[in-house]
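*Asks:* Below is protein08.txt; it holds compact mmCIF, C-alpha atoms (C1' of nucleotides).
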```txt
# COMPACT_ATOMS: atom_id res chain seq x y z
CA MET Q 7 0.81 -28.42 20.03
CA VAL Q 8 4.02 -26.47 20.28
CA ASP Q 9 6.01 -29.44 19.05
CA LYS Q 10 3.64 -30.00 16.17
CA SER Q 11 3.86 -26.39 15.01
CA LEU Q 12 7.60 -26.58 15.36
CA LYS Q 13 7.66 -29.64 13.17
CA VAL Q 14 5.53 -27.90 10.55
CA LEU Q 15 8.06 -25.09 10.43
CA LYS Q 16 11.05 -27.42 10.30
CA ASP Q 17 9.51 -29.47 7.52
CA ILE Q 18 8.94 -26.39 5.44
CA LEU Q 19 12.42 -25.07 5.98
CA ARG Q 20 13.86 -28.45 5.03
CA LYS Q 21 11.69 -28.61 1.93
CA GLU Q 22 12.94 -25.16 0.92
CA GLY Q 23 16.55 -26.01 1.69
CA LEU Q 24 16.60 -23.36 4.42
CA ARG Q 25 18.13 -23.65 7.87
CA PHE Q 26 16.19 -23.81 11.11
CA THR Q 27 17.15 -20.86 13.32
CA SER Q 28 15.96 -19.52 16.64
CA GLN Q 29 14.94 -16.28 14.96
CA ARG Q 30 12.72 -18.07 12.49
CA GLN Q 31 11.17 -20.05 15.31
CA SER Q 32 10.51 -16.88 17.31
CA VAL Q 33 8.74 -15.20 14.41
CA TRP Q 34 6.59 -18.24 13.72
CA ASP Q 35 5.79 -18.66 17.44
CA GLU Q 36 4.84 -15.01 17.72
CA ILE Q 37 2.47 -15.05 14.75
CA ARG Q 38 1.05 -18.46 15.58
CA GLY Q 39 0.41 -17.46 19.18
CA SER Q 40 -2.36 -15.00 18.41
CA HIS Q 41 -5.18 -14.76 15.94
CA GLU Q 42 -5.10 -11.02 15.69
CA HIS Q 43 -4.23 -9.32 12.45
CA ARG Q 44 -0.88 -7.80 13.30
CA ASP Q 45 1.64 -5.71 11.42
CA ALA Q 46 5.34 -6.48 11.13
CA GLU Q 47 6.42 -3.81 13.60
CA ASP Q 48 4.10 -5.20 16.26
CA ILE Q 49 5.39 -8.71 15.73
CA TYR Q 50 8.96 -7.42 15.86
CA MET Q 51 8.42 -5.46 19.07
CA CYS Q 52 6.66 -8.33 20.84
CA ILE Q 53 9.51 -10.69 20.07
CA ARG Q 54 12.01 -8.13 21.37
CA ASN Q 55 9.95 -7.64 24.52
CA ASN Q 56 10.34 -11.35 25.17
CA ASP Q 57 14.07 -10.67 25.32
CA VAL Q 58 14.75 -12.45 22.07
CA ARG Q 59 17.31 -10.77 19.87
CA VAL Q 60 16.05 -10.41 16.32
CA SER Q 61 16.19 -7.69 13.69
CA ARG Q 62 13.45 -6.14 11.62
CA ALA Q 63 15.10 -7.46 8.46
CA THR Q 64 14.90 -11.01 9.77
CA VAL Q 65 11.28 -10.58 10.78
CA TYR Q 66 10.40 -9.43 7.29
CA ARG Q 67 12.49 -12.15 5.67
CA THR Q 68 10.94 -14.85 7.83
CA ILE Q 69 7.42 -13.61 7.22
CA ASP Q 70 8.09 -13.89 3.49
CA VAL Q 71 9.05 -17.52 3.90
CA LEU Q 72 5.96 -18.23 6.00
CA VAL Q 73 3.65 -16.48 3.55
CA LYS Q 74 5.14 -18.26 0.55
CA ASN Q 75 4.61 -21.58 2.31
CA ARG Q 76 1.08 -20.76 3.38
CA LEU Q 77 1.72 -20.84 7.12
CA VAL Q 78 0.79 -17.18 7.28
CA ARG Q 79 -1.73 -15.08 5.39
CA LYS Q 80 -0.85 -11.54 4.39
CA MET Q 81 -3.52 -8.87 4.06
CA GLU Q 82 -3.72 -5.14 3.38
CA VAL Q 83 -6.19 -2.98 5.29
CA GLY Q 84 -5.45 0.17 3.35
CA ASP Q 85 -3.20 2.06 5.74
CA GLY Q 86 0.09 1.09 4.14
CA ARG Q 87 1.03 -1.58 6.67
CA SER Q 88 0.56 -5.24 5.81
CA ARG Q 89 -1.16 -7.43 8.42
CA TYR Q 90 -0.44 -11.07 9.09
CA GLU Q 91 -2.40 -13.94 10.61
CA PRO Q 92 -1.58 -17.62 11.11
CA ARG Q 93 -3.31 -20.24 8.99
CA LEU Q 94 -2.74 -23.44 10.88
CA ASP Q 95 -5.93 -25.07 9.78
CA ASP Q 96 -6.30 -24.37 6.10
CA GLU Q 97 -9.73 -22.86 6.36
CA HIS Q 98 -10.18 -19.76 4.29
CA HIS Q 99 -12.06 -16.65 5.33
CA ASP Q 100 -12.60 -13.04 4.31
CA HIS Q 101 -12.69 -9.89 6.41
CA MET Q 102 -15.17 -7.29 7.48
CA ILE Q 103 -13.48 -4.13 8.75
CA CYS Q 104 -15.48 -1.71 10.86
CA GLU Q 105 -14.60 1.84 9.85
CA GLU Q 106 -15.72 3.22 13.20
CA THR Q 107 -14.02 0.90 15.64
CA GLY Q 108 -11.33 -0.73 13.51
CA ASP Q 109 -12.64 -4.16 14.50
CA ILE Q 110 -11.85 -6.91 12.06
CA ILE Q 111 -14.42 -9.70 11.79
CA GLU Q 112 -13.72 -12.88 9.87
CA PHE Q 113 -16.39 -14.48 7.75
CA PHE Q 114 -16.80 -17.29 5.28
CA ASN Q 115 -19.63 -17.87 2.85
CA GLU Q 116 -19.68 -20.87 0.58
CA GLU Q 117 -22.13 -19.30 -1.85
CA LEU Q 118 -19.83 -16.31 -2.23
CA GLU Q 119 -16.87 -18.53 -3.02
CA ASN Q 120 -18.80 -20.44 -5.66
CA LEU Q 121 -20.11 -17.26 -7.23
CA GLN Q 122 -16.60 -15.88 -7.56
CA GLU Q 123 -15.35 -18.96 -9.33
CA LYS Q 124 -18.33 -18.88 -11.65
CA ILE Q 125 -17.69 -15.24 -12.55
CA ALA Q 126 -14.03 -15.95 -13.29
CA ASN Q 127 -14.96 -18.99 -15.37
CA ASP Q 128 -17.33 -16.92 -17.43
CA HIS Q 129 -14.35 -14.77 -18.40
CA GLY Q 130 -12.10 -17.75 -19.20
CA TYR Q 131 -10.20 -17.68 -15.93
CA THR Q 132 -9.91 -19.67 -12.76
CA VAL Q 133 -9.45 -18.02 -9.36
CA VAL Q 134 -5.98 -18.43 -7.83
CA ARG Q 135 -6.70 -16.32 -4.77
CA HIS Q 136 -8.88 -13.37 -3.90
CA VAL Q 137 -9.16 -10.36 -1.68
CA HIS Q 138 -12.58 -9.60 -0.33
CA GLN Q 139 -12.99 -6.96 2.32
CA LEU Q 140 -16.20 -5.33 3.46
CA PHE Q 141 -15.66 -1.94 5.05
CA VAL Q 142 -18.69 -1.61 7.26
CA LYS Q 143 -20.32 0.44 9.99
CA PRO Q 144 -22.72 -0.63 12.73
CA PHE Q 145 -26.40 -0.30 11.96
CA PRO Q 146 -27.72 3.10 13.07
CA GLU Q 147 -30.10 2.99 16.05
CA MET N 21 -18.13 16.13 -23.48
CA VAL N 22 -15.01 18.05 -22.53
CA ASP N 23 -17.06 21.00 -21.41
CA LYS N 24 -19.36 18.80 -19.39
CA SER N 25 -16.49 17.12 -17.54
CA LEU N 26 -14.96 20.50 -16.96
CA LYS N 27 -18.21 21.71 -15.45
CA VAL N 28 -18.35 18.66 -13.19
CA LEU N 29 -14.89 19.51 -11.89
CA LYS N 30 -15.69 23.20 -11.46
CA ASP N 31 -18.90 22.41 -9.60
CA ILE N 32 -17.07 20.17 -7.18
CA LEU N 33 -14.32 22.67 -6.56
CA ARG N 34 -16.89 25.38 -5.92
CA LYS N 35 -18.84 23.12 -3.58
CA GLU N 36 -15.64 22.44 -1.63
CA GLY N 37 -14.64 26.09 -1.59
CA LEU N 38 -11.57 25.29 -3.69
CA ARG N 39 -10.21 27.21 -6.64
CA PHE N 40 -10.19 26.08 -10.21
CA THR N 41 -6.62 25.86 -11.51
CA SER N 42 -5.01 24.67 -14.71
CA GLN N 43 -3.13 21.98 -12.78
CA ARG N 44 -6.31 20.54 -11.35
CA GLN N 45 -7.86 20.54 -14.78
CA SER N 46 -4.82 18.73 -16.23
CA VAL N 47 -4.94 15.99 -13.62
CA TRP N 48 -8.64 15.44 -14.10
CA ASP N 49 -8.29 15.47 -17.90
CA GLU N 50 -5.47 12.95 -17.72
CA ILE N 51 -7.36 10.51 -15.53
CA ARG N 52 -10.65 11.00 -17.31
CA GLY N 53 -9.03 10.49 -20.69
CA SER N 54 -8.30 6.80 -20.21
CA HIS N 55 -10.01 3.89 -18.58
CA GLU N 56 -6.81 2.13 -17.60
CA HIS N 57 -5.93 1.68 -13.96
CA ARG N 58 -2.95 3.96 -13.62
CA ASP N 59 -0.62 4.89 -10.79
CA ALA N 60 0.19 8.44 -9.71
CA GLU N 61 3.65 8.46 -11.27
CA ASP N 62 2.24 7.46 -14.65
CA ILE N 63 -0.39 10.19 -14.47
CA TYR N 64 2.27 12.68 -13.43
CA MET N 65 4.65 11.73 -16.26
CA CYS N 66 1.95 11.82 -18.92
CA ILE N 67 0.92 15.31 -17.93
CA ARG N 68 4.55 16.45 -18.03
CA ASN N 69 5.01 14.85 -21.44
CA ASN N 70 2.17 17.02 -22.67
CA ASP N 71 4.36 20.00 -21.72
CA VAL N 72 2.16 20.98 -18.81
CA ARG N 73 4.05 22.12 -15.75
CA VAL N 74 2.80 20.36 -12.64
CA SER N 75 4.44 18.86 -9.55
CA ARG N 76 4.03 15.42 -8.02
CA ALA N 77 2.67 17.05 -4.85
CA THR N 78 -0.09 18.72 -6.83
CA VAL N 79 -0.93 15.50 -8.66
CA TYR N 80 -1.34 13.71 -5.33
CA ARG N 81 -3.26 16.58 -3.78
CA THR N 82 -5.60 16.81 -6.75
CA ILE N 83 -6.19 13.07 -6.85
CA ASP N 84 -7.21 13.26 -3.18
CA VAL N 85 -9.83 15.87 -4.01
CA LEU N 86 -11.13 13.82 -6.93
CA VAL N 87 -11.29 10.63 -4.87
CA LYS N 88 -13.05 12.34 -1.98
CA ASN N 89 -15.62 13.70 -4.39
CA ARG N 90 -16.10 10.40 -6.17
CA LEU N 91 -14.85 11.53 -9.55
CA VAL N 92 -12.05 8.99 -9.26
CA ARG N 93 -11.86 5.55 -7.73
CA LYS N 94 -8.70 4.47 -5.89
CA MET N 95 -7.63 0.84 -5.75
CA GLU N 96 -4.70 -1.21 -4.50
CA VAL N 97 -3.36 -4.10 -6.52
CA GLY N 98 -0.90 -5.23 -3.88
CA ASP N 99 2.36 -3.84 -5.23
CA GLY N 100 2.44 -0.75 -3.04
CA ARG N 101 1.28 1.71 -5.69
CA SER N 102 -2.32 2.91 -5.68
CA ARG N 103 -4.16 2.85 -9.00
CA TYR N 104 -6.79 5.29 -10.13
CA GLU N 105 -9.65 5.16 -12.62
CA PRO N 106 -12.31 7.69 -13.58
CA ARG N 107 -15.90 7.12 -12.49
CA LEU N 108 -17.91 9.39 -14.73
CA ASP N 109 -20.99 7.25 -14.75
CA ASP N 110 -21.56 6.11 -11.19
CA GLU N 111 -21.65 2.41 -11.99
CA HIS N 112 -19.75 0.24 -9.57
CA HIS N 113 -17.59 -2.72 -10.50
CA ASP N 114 -14.97 -5.04 -9.07
CA HIS N 115 -11.73 -6.28 -10.56
CA MET N 116 -10.26 -9.50 -11.80
CA ILE N 117 -6.47 -9.34 -12.04
CA CYS N 118 -4.64 -11.90 -14.18
CA GLU N 119 -1.48 -12.95 -12.40
CA GLU N 120 0.14 -14.05 -15.64
CA THR N 121 -0.49 -11.09 -17.89
CA GLY N 122 -1.32 -8.34 -15.42
CA ASP N 123 -4.56 -7.68 -17.31
CA ILE N 124 -7.29 -6.08 -15.23
CA ILE N 125 -10.86 -7.04 -16.10
CA GLU N 126 -13.82 -5.22 -14.61
CA PHE N 127 -16.90 -7.09 -13.54
CA PHE N 128 -20.16 -6.51 -11.76
CA ASN N 129 -22.54 -9.06 -10.30
CA GLU N 130 -25.75 -8.05 -8.64
CA GLU N 131 -26.08 -11.31 -6.71
CA LEU N 132 -22.62 -10.81 -5.26
CA GLU N 133 -23.49 -7.32 -4.08
CA ASN N 134 -26.64 -8.49 -2.38
CA LEU N 135 -24.88 -11.39 -0.72
CA GLN N 136 -22.27 -9.06 0.75
CA GLU N 137 -24.88 -6.81 2.27
CA LYS N 138 -26.69 -9.80 3.70
CA ILE N 139 -23.50 -11.13 5.30
CA ALA N 140 -22.75 -7.75 6.86
CA ASN N 141 -26.32 -7.43 8.10
CA ASP N 142 -26.07 -10.82 9.76
CA HIS N 143 -23.21 -9.39 11.82
CA GLY N 144 -25.04 -6.19 12.70
CA TYR N 145 -23.32 -4.03 10.11
CA THR N 146 -24.08 -2.33 6.85
CA VAL N 147 -21.56 -2.15 4.01
CA VAL N 148 -20.04 1.28 3.41
CA ARG N 149 -17.70 0.16 0.65
CA HIS N 150 -15.88 -2.96 -0.29
CA VAL N 151 -12.78 -4.28 -1.99
CA HIS N 152 -13.23 -7.39 -4.05
CA GLN N 153 -10.44 -8.58 -6.27
CA LEU N 154 -10.07 -11.94 -7.94
CA PHE N 155 -6.49 -12.85 -8.75
CA VAL N 156 -6.89 -15.28 -11.61
CA LYS N 157 -5.08 -17.20 -14.29
CA PRO N 158 -6.30 -18.32 -17.71
CA PHE N 159 -7.78 -21.79 -17.93
CA PRO N 160 -5.01 -24.25 -18.80
CA GLU N 161 -4.56 -25.06 -22.53
C1' DT F 5 35.51 -30.68 15.48
C1' DC F 6 35.91 -28.63 11.10
C1' DC F 7 34.18 -26.33 7.18
C1' DT F 8 31.05 -24.56 3.98
C1' DT F 9 27.71 -21.38 3.27
C1' DA F 10 23.06 -19.79 4.64
C1' DT F 11 21.62 -16.48 7.97
C1' DT F 12 21.80 -12.54 10.75
C1' DG F 13 21.97 -7.53 12.37
C1' DA F 14 22.99 -2.71 11.87
C1' DG F 15 22.28 0.56 9.24
C1' DA F 16 21.94 2.38 4.50
C1' DT F 17 18.67 2.59 0.84
C1' DT F 18 14.40 2.65 -1.73
C1' DG F 19 10.10 4.39 -3.09
C1' DA F 20 5.31 5.92 -2.54
C1' DG F 21 3.27 9.42 -0.51
C1' DT F 22 3.12 13.74 2.57
C1' DC F 23 4.63 18.10 4.34
C1' DT F 24 6.77 22.86 4.37
C1' DC F 25 6.96 27.38 3.09
C1' DA F 26 8.04 31.19 0.12
C1' DG F 27 6.33 32.73 -4.11
C1' DT F 28 2.30 32.70 -7.41
C1' DG F 29 -2.14 33.44 -9.16
C1' DG F 30 -7.55 32.84 -8.86
C1' DA F 31 -11.36 35.49 -8.15
C1' DA F 32 -14.18 38.53 -5.24
C1' DA F 33 -14.70 43.21 -4.24
C1' DT F 34 -14.07 47.83 -5.55
C1' DA I 15 -9.16 47.27 -14.63
C1' DT I 16 -7.00 47.24 -10.14
C1' DT I 17 -6.52 45.86 -5.67
C1' DT I 18 -6.38 42.58 -2.20
C1' DC I 19 -6.68 38.36 0.09
C1' DC I 20 -5.46 33.94 0.76
C1' DA I 21 -5.74 29.34 -1.52
C1' DC I 22 -2.59 27.00 -4.51
C1' DT I 23 1.75 25.53 -6.34
C1' DG I 24 6.57 23.67 -6.79
C1' DA I 25 10.98 22.16 -5.10
C1' DG I 26 12.71 19.54 -2.23
C1' DA I 27 12.85 17.87 2.55
C1' DC I 28 10.68 14.45 5.08
C1' DT I 29 8.14 10.03 6.66
C1' DC I 30 7.70 5.35 7.07
C1' DA I 31 7.21 0.54 5.61
C1' DA I 32 9.92 -2.49 3.45
C1' DT I 33 14.23 -4.03 1.15
C1' DC I 34 19.11 -4.34 0.47
C1' DT I 35 24.21 -4.60 1.75
C1' DC I 36 27.88 -6.81 3.68
C1' DA I 37 30.82 -8.26 7.36
C1' DA I 38 30.24 -11.28 11.20
C1' DT I 39 27.89 -15.37 12.90
C1' DA I 40 26.14 -19.92 13.36
C1' DA I 41 23.57 -24.16 11.22
C1' DG I 42 24.43 -28.70 10.33
C1' DG I 43 26.65 -32.14 7.22
C1' DA I 44 31.14 -34.52 6.82
```
Spell out the structure here as structure tokens.
*Replies:*
Amino acid sequence: MVDKSLKVLKDILRKEGLRFTSQRQSVWDEIRGSHEHRDAEDIYMCIRNNDVRVSRATVYRTIDVLVKNRLVRKMEVGDGRSRYEPRLDDEHHDHMICEETGDIIEFFNEELENLQEKIANDHGYTVVRHVHQLFVKPFPE
Amino acid sequence: MVDKSLKVLKDILRKEGLRFTSQRQSVWDEIRGSHEHRDAEDIYMCIRNNDVRVSRATVYRTIDVLVKNRLVRKMEVGDGRSRYEPRLDDEHHDHMICEETGDIIEFFNEELENLQEKIANDHGYTVVRHVHQLFVKPFPE
DNA sequence: TCCTTATTGAGATTGAGTCTCAGTGGAAAT
DNA sequence: ATTTCCACTGAGACTCAATCTCAATAAGGA
């Protein structure tokens, strides 16, 4: 598990002609280790709390590499801070954000995906990626 | 047309207990006058170029009022600058953003809207608002 | 081990957006 | 029309996430 993820990272760095460093490993480990949707500062602080020396700049730089290589997904919730989540398995999902509790629920709907592609096609395009967020509230009762 | 939009603005300001000022009128006129998706700096500069004295702070403050009162829709494209568009008629639409040309195409699909609500309902929520953006590219050839 | 050069960290910088506060002006009351 | 109150404005300071700079460090191939 750990070794496999490590290999994934090393392979990507090699492919990109980048060096494997302990900082890059720490950032990847930190993001991979939880499925929450975390911001860069949180990731940075958690790494530091584990007594690993790393700078904010390196955290941001490493995240960029991970996002570009699809190991991490970047998302905006609307408060100015980007959130990150690992994407070990390549399954895709969208997000439902509760405006009352801040909870983030993941969902996936095949029909929705197909509909999107159809709409794009109708306009002469094909979908490269998409952002779909439902800002919701619990049913009254 | 102009008078009607002006009345809409005045009504909202009155409702909110706010005063009608020439700056607020300028900001509303500027946004209302084009259907493009513009950022605050662009709106600010265009007003200044029309020889109207207004500050960035006032542009931001006025946009907030307009957004809160649903005269203007705010959207993020992912580059850190919010974009704004007028919503005179209350029709809703989503956006398709071409990653090659930067073109922004508006679209609306009833089926999509219903599907979203259904998905939220299945999780015990109701949709308050949503963000749906398709980042697309033209079909090859 | 040596050597090249990518990487790092500390801190400066950027840039969108917000805040402060003294001066201005809208508009209600007279 | 004048007064009076207090919301509004502008200039610029400030915030905060994210990026950049550059001297020092450390991969990792030879």
*Asks:* Return as a list in words the residues belonging to chain N that are within 8 Å of chain I, counting only C-alpha atoms (C1' of nucleotides).
*Replies:*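 Selected residues: Leu38, Arg39, Val74, Ser75, Ala77 and Thr78 of chain N.
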*Asks:* Give me, please, the distance in Å between CA of Arg38 (chain Q) and CA of Val78 (chain Q), quoted to one decimal.
*Replies:*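 CA of Val78 (chain Q) lies at a distance of 8.4 Å from CA of Arg38 (chain Q).
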*Asks:* Between Q:Lys74, Q:Arg62, Q:His129, Q:His41, which one has atoms that come closest to chain F, using all atoms listed in the file?
*Replies:*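 Using all atoms listed in the file, chain F sits closest to Q:Arg62.
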*Asks:* What would you get as a compact mmCIF listing (two decimals) with C-alpha atoms, in the frame of the given file if chain Q were moved onto chain N by least squares over all of its C-alpha atoms in order?
*Replies:*
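This went into selection_24.txt:
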```txt
# COMPACT_ATOMS: atom_id res chain seq x y z
CA MET Q 7 -18.21 16.17 -23.32
CA VAL Q 8 -15.10 18.08 -22.39
CA ASP Q 9 -17.17 21.03 -21.23
CA LYS Q 10 -19.44 18.81 -19.20
CA SER Q 11 -16.55 17.12 -17.41
CA LEU Q 12 -15.04 20.52 -16.81
CA LYS Q 13 -18.26 21.69 -15.25
CA VAL Q 14 -18.38 18.63 -13.01
CA LEU Q 15 -14.92 19.48 -11.74
CA LYS Q 16 -15.71 23.16 -11.26
CA ASP Q 17 -18.89 22.38 -9.38
CA ILE Q 18 -17.04 20.12 -7.01
CA LEU Q 19 -14.29 22.61 -6.39
CA ARG Q 20 -16.86 25.31 -5.71
CA LYS Q 21 -18.77 23.04 -3.36
CA GLU Q 22 -15.54 22.35 -1.46
CA GLY Q 23 -14.54 26.01 -1.42
CA LEU Q 24 -11.48 25.20 -3.53
CA ARG Q 25 -10.13 27.18 -6.46
CA PHE Q 26 -10.20 26.05 -10.07
CA THR Q 27 -6.63 25.82 -11.40
CA SER Q 28 -5.06 24.64 -14.62
CA GLN Q 29 -3.16 21.98 -12.72
CA ARG Q 30 -6.32 20.53 -11.26
CA GLN Q 31 -7.91 20.53 -14.69
CA SER Q 32 -4.90 18.76 -16.20
CA VAL Q 33 -4.99 16.00 -13.60
CA TRP Q 34 -8.72 15.46 -14.04
CA ASP Q 35 -8.39 15.52 -17.85
CA GLU Q 36 -5.56 13.01 -17.72
CA ILE Q 37 -7.41 10.53 -15.51
CA ARG Q 38 -10.73 11.03 -17.27
CA GLY Q 39 -9.15 10.53 -20.68
CA SER Q 40 -8.40 6.85 -20.22
CA HIS Q 41 -10.06 3.92 -18.56
CA GLU Q 42 -6.87 2.19 -17.64
CA HIS Q 43 -5.92 1.66 -14.04
CA ARG Q 44 -2.96 3.98 -13.72
CA ASP Q 45 -0.61 4.91 -10.91
CA ALA Q 46 0.20 8.45 -9.82
CA GLU Q 47 3.65 8.49 -11.41
CA ASP Q 48 2.20 7.52 -14.78
CA ILE Q 49 -0.44 10.22 -14.57
CA TYR Q 50 2.22 12.74 -13.55
CA MET Q 51 4.57 11.82 -16.39
CA CYS Q 52 1.83 11.90 -19.03
CA ILE Q 53 0.79 15.38 -17.98
CA ARG Q 54 4.41 16.54 -18.12
CA ASN Q 55 4.83 14.98 -21.56
CA ASN Q 56 1.97 17.17 -22.73
CA ASP Q 57 4.17 20.11 -21.79
CA VAL Q 58 2.03 21.06 -18.84
CA ARG Q 59 3.95 22.17 -15.80
CA VAL Q 60 2.76 20.38 -12.68
CA SER Q 61 4.44 18.83 -9.67
CA ARG Q 62 4.05 15.41 -8.13
CA ALA Q 63 2.74 17.00 -4.94
CA THR Q 64 -0.05 18.69 -6.86
CA VAL Q 65 -0.93 15.49 -8.68
CA TYR Q 66 -1.27 13.67 -5.39
CA ARG Q 67 -3.18 16.53 -3.79
CA THR Q 68 -5.57 16.77 -6.72
CA ILE Q 69 -6.15 13.04 -6.83
CA ASP Q 70 -7.14 13.20 -3.16
CA VAL Q 71 -9.76 15.81 -3.95
CA LEU Q 72 -11.10 13.77 -6.86
CA VAL Q 73 -11.23 10.57 -4.82
CA LYS Q 74 -12.97 12.26 -1.90
CA ASN Q 75 -15.58 13.63 -4.30
CA ARG Q 76 -16.06 10.33 -6.08
CA LEU Q 77 -14.83 11.48 -9.48
CA VAL Q 78 -12.02 8.97 -9.23
CA ARG Q 79 -11.79 5.51 -7.71
CA LYS Q 80 -8.63 4.45 -5.91
CA MET Q 81 -7.54 0.83 -5.81
CA GLU Q 82 -4.59 -1.21 -4.55
CA VAL Q 83 -3.24 -4.09 -6.62
CA GLY Q 84 -0.74 -5.22 -4.03
CA ASP Q 85 2.50 -3.80 -5.39
CA GLY Q 86 2.60 -0.72 -3.19
CA ARG Q 87 1.39 1.73 -5.83
CA SER Q 88 -2.21 2.92 -5.78
CA ARG Q 89 -4.11 2.84 -9.09
CA TYR Q 90 -6.76 5.28 -10.18
CA GLU Q 91 -9.65 5.16 -12.64
CA PRO Q 92 -12.34 7.68 -13.55
CA ARG Q 93 -15.92 7.10 -12.45
CA LEU Q 94 -17.93 9.38 -14.66
CA ASP Q 95 -20.98 7.22 -14.73
CA ASP Q 96 -21.55 6.02 -11.20
CA GLU Q 97 -21.62 2.37 -12.07
CA HIS Q 98 -19.70 0.21 -9.67
CA HIS Q 99 -17.52 -2.74 -10.59
CA ASP Q 100 -14.91 -5.06 -9.12
CA HIS Q 101 -11.65 -6.32 -10.58
CA MET Q 102 -10.15 -9.54 -11.78
CA ILE Q 103 -6.36 -9.37 -11.99
CA CYS Q 104 -4.53 -11.94 -14.08
CA GLU Q 105 -1.37 -13.00 -12.27
CA GLU Q 106 0.27 -14.13 -15.49
CA THR Q 107 -0.35 -11.20 -17.79
CA GLY Q 108 -1.21 -8.40 -15.36
CA ASP Q 109 -4.45 -7.78 -17.24
CA ILE Q 110 -7.16 -6.16 -15.21
CA ILE Q 111 -10.73 -7.11 -16.11
CA GLU Q 112 -13.71 -5.29 -14.66
CA PHE Q 113 -16.80 -7.17 -13.62
CA PHE Q 114 -20.08 -6.57 -11.88
CA ASN Q 115 -22.45 -9.11 -10.40
CA GLU Q 116 -25.69 -8.08 -8.79
CA GLU Q 117 -26.03 -11.31 -6.83
CA LEU Q 118 -22.58 -10.77 -5.35
CA GLU Q 119 -23.47 -7.27 -4.23
CA ASN Q 120 -26.66 -8.44 -2.56
CA LEU Q 121 -24.90 -11.31 -0.84
CA GLN Q 122 -22.32 -8.96 0.62
CA GLU Q 123 -24.94 -6.68 2.08
CA LYS Q 124 -26.76 -9.65 3.53
CA ILE Q 125 -23.60 -10.95 5.19
CA ALA Q 126 -22.87 -7.54 6.71
CA ASN Q 127 -26.46 -7.22 7.91
CA ASP Q 128 -26.24 -10.56 9.63
CA HIS Q 129 -23.39 -9.13 11.69
CA GLY Q 130 -25.24 -5.89 12.51
CA TYR Q 131 -23.47 -3.78 9.90
CA THR Q 132 -24.20 -2.12 6.61
CA VAL Q 133 -21.64 -2.00 3.79
CA VAL Q 134 -20.11 1.44 3.16
CA ARG Q 135 -17.75 0.27 0.44
CA HIS Q 136 -15.88 -2.89 -0.42
CA VAL Q 137 -12.79 -4.22 -2.07
CA HIS Q 138 -13.21 -7.36 -4.10
CA GLN Q 139 -10.37 -8.57 -6.26
CA LEU Q 140 -10.00 -11.96 -7.88
CA PHE Q 141 -6.41 -12.85 -8.65
CA VAL Q 142 -6.79 -15.31 -11.47
CA LYS Q 143 -4.96 -17.29 -14.12
CA PRO Q 144 -6.14 -18.47 -17.53
CA PHE Q 145 -7.62 -21.94 -17.69
CA PRO Q 146 -4.93 -24.52 -18.48
CA GLU Q 147 -5.21 -26.10 -21.95
```
*Asks:* Show me which bits of chain F are within 9 Å of chain N, counting all atoms listed in the file, as a ChimeraX atom specification.
*Replies:* /F:20-22,30-31
*Asks:* Between chain N and chain Q, at 9 Å or less, what are the per-residue closest atom pairs and their distances in Å? Count only C-alpha atoms, order by chain and rising residue number, and return it as a Markdown table.
*Replies:*
```
| residue | atom | partner | partner_atom | distance |
| --- | --- | --- | --- | --- |
| N:Glu96 | CA | Q:Gly84 | CA | 8.0 |
| N:Gly98 | CA | Q:Glu82 | CA | 7.8 |
| N:Gly100 | CA | Q:Gly86 | CA | 7.8 |
| N:Met116 | CA | Q:Ala126 | CA | 7.6 |
| N:Cys118 | CA | Q:Tyr131 | CA | 8.2 |
| N:Glu119 | CA | Q:Val134 | CA | 8.4 |
| N:Ile125 | CA | Q:His129 | CA | 8.8 |
| N:Phe127 | CA | Q:Ile125 | CA | 8.2 |
| N:Asn129 | CA | Q:Ile125 | CA | 8.2 |
| N:Glu131 | CA | Q:Leu121 | CA | 8.4 |
| N:Leu132 | CA | Q:Leu118 | CA | 6.9 |
| N:Leu135 | CA | Q:Leu118 | CA | 7.2 |
| N:Gln136 | CA | Q:Leu140 | CA | 7.6 |
| N:Glu137 | CA | Q:Leu140 | CA | 8.9 |
| N:Ile139 | CA | Q:Asn115 | CA | 8.1 |
| N:Ala140 | CA | Q:Val142 | CA | 7.4 |
| N:Asn141 | CA | Q:Phe145 | CA | 8.1 |
| N:His143 | CA | Q:Ile111 | CA | 8.8 |
| N:Gly144 | CA | Q:Pro144 | CA | 6.0 |
| N:Tyr145 | CA | Q:Pro144 | CA | 4.3 |
| N:Thr146 | CA | Q:Val142 | CA | 5.5 |
| N:Val147 | CA | Q:Val142 | CA | 4.4 |
| N:Val148 | CA | Q:Val142 | CA | 5.0 |
| N:Arg149 | CA | Q:Phe141 | CA | 5.3 |
| N:His150 | CA | Q:Leu140 | CA | 4.4 |
| N:Val151 | CA | Q:Gln139 | CA | 5.1 |
| N:His152 | CA | Q:His138 | CA | 4.4 |
| N:Gln153 | CA | Q:Val137 | CA | 5.1 |
| N:Leu154 | CA | Q:His136 | CA | 4.4 |
| N:Phe155 | CA | Q:Arg135 | CA | 5.3 |
| N:Val156 | CA | Q:Val133 | CA | 4.4 |
| N:Lys157 | CA | Q:Tyr131 | CA | 5.4 |
| N:Pro158 | CA | Q:Tyr131 | CA | 4.3 |
| N:Phe159 | CA | Q:Tyr131 | CA | 5.2 |
| N:Pro160 | CA | Q:Tyr131 | CA | 8.9 |
```
*Asks:* Give as a PyMOL selection string every residue, naming chains and numbers as the document does, that has an atom within 12 Å of (1.8, 15.3, -15.3), counting all atoms listed in the file.
*Replies:* chain N and resi 42-51+59-80+82-83
*Asks:* Give me, please, the distance in Å between CA of Asp99 (chain N) and CA of Gly122 (chain N), quoted to one decimal.
*Replies:* 11.7 Å
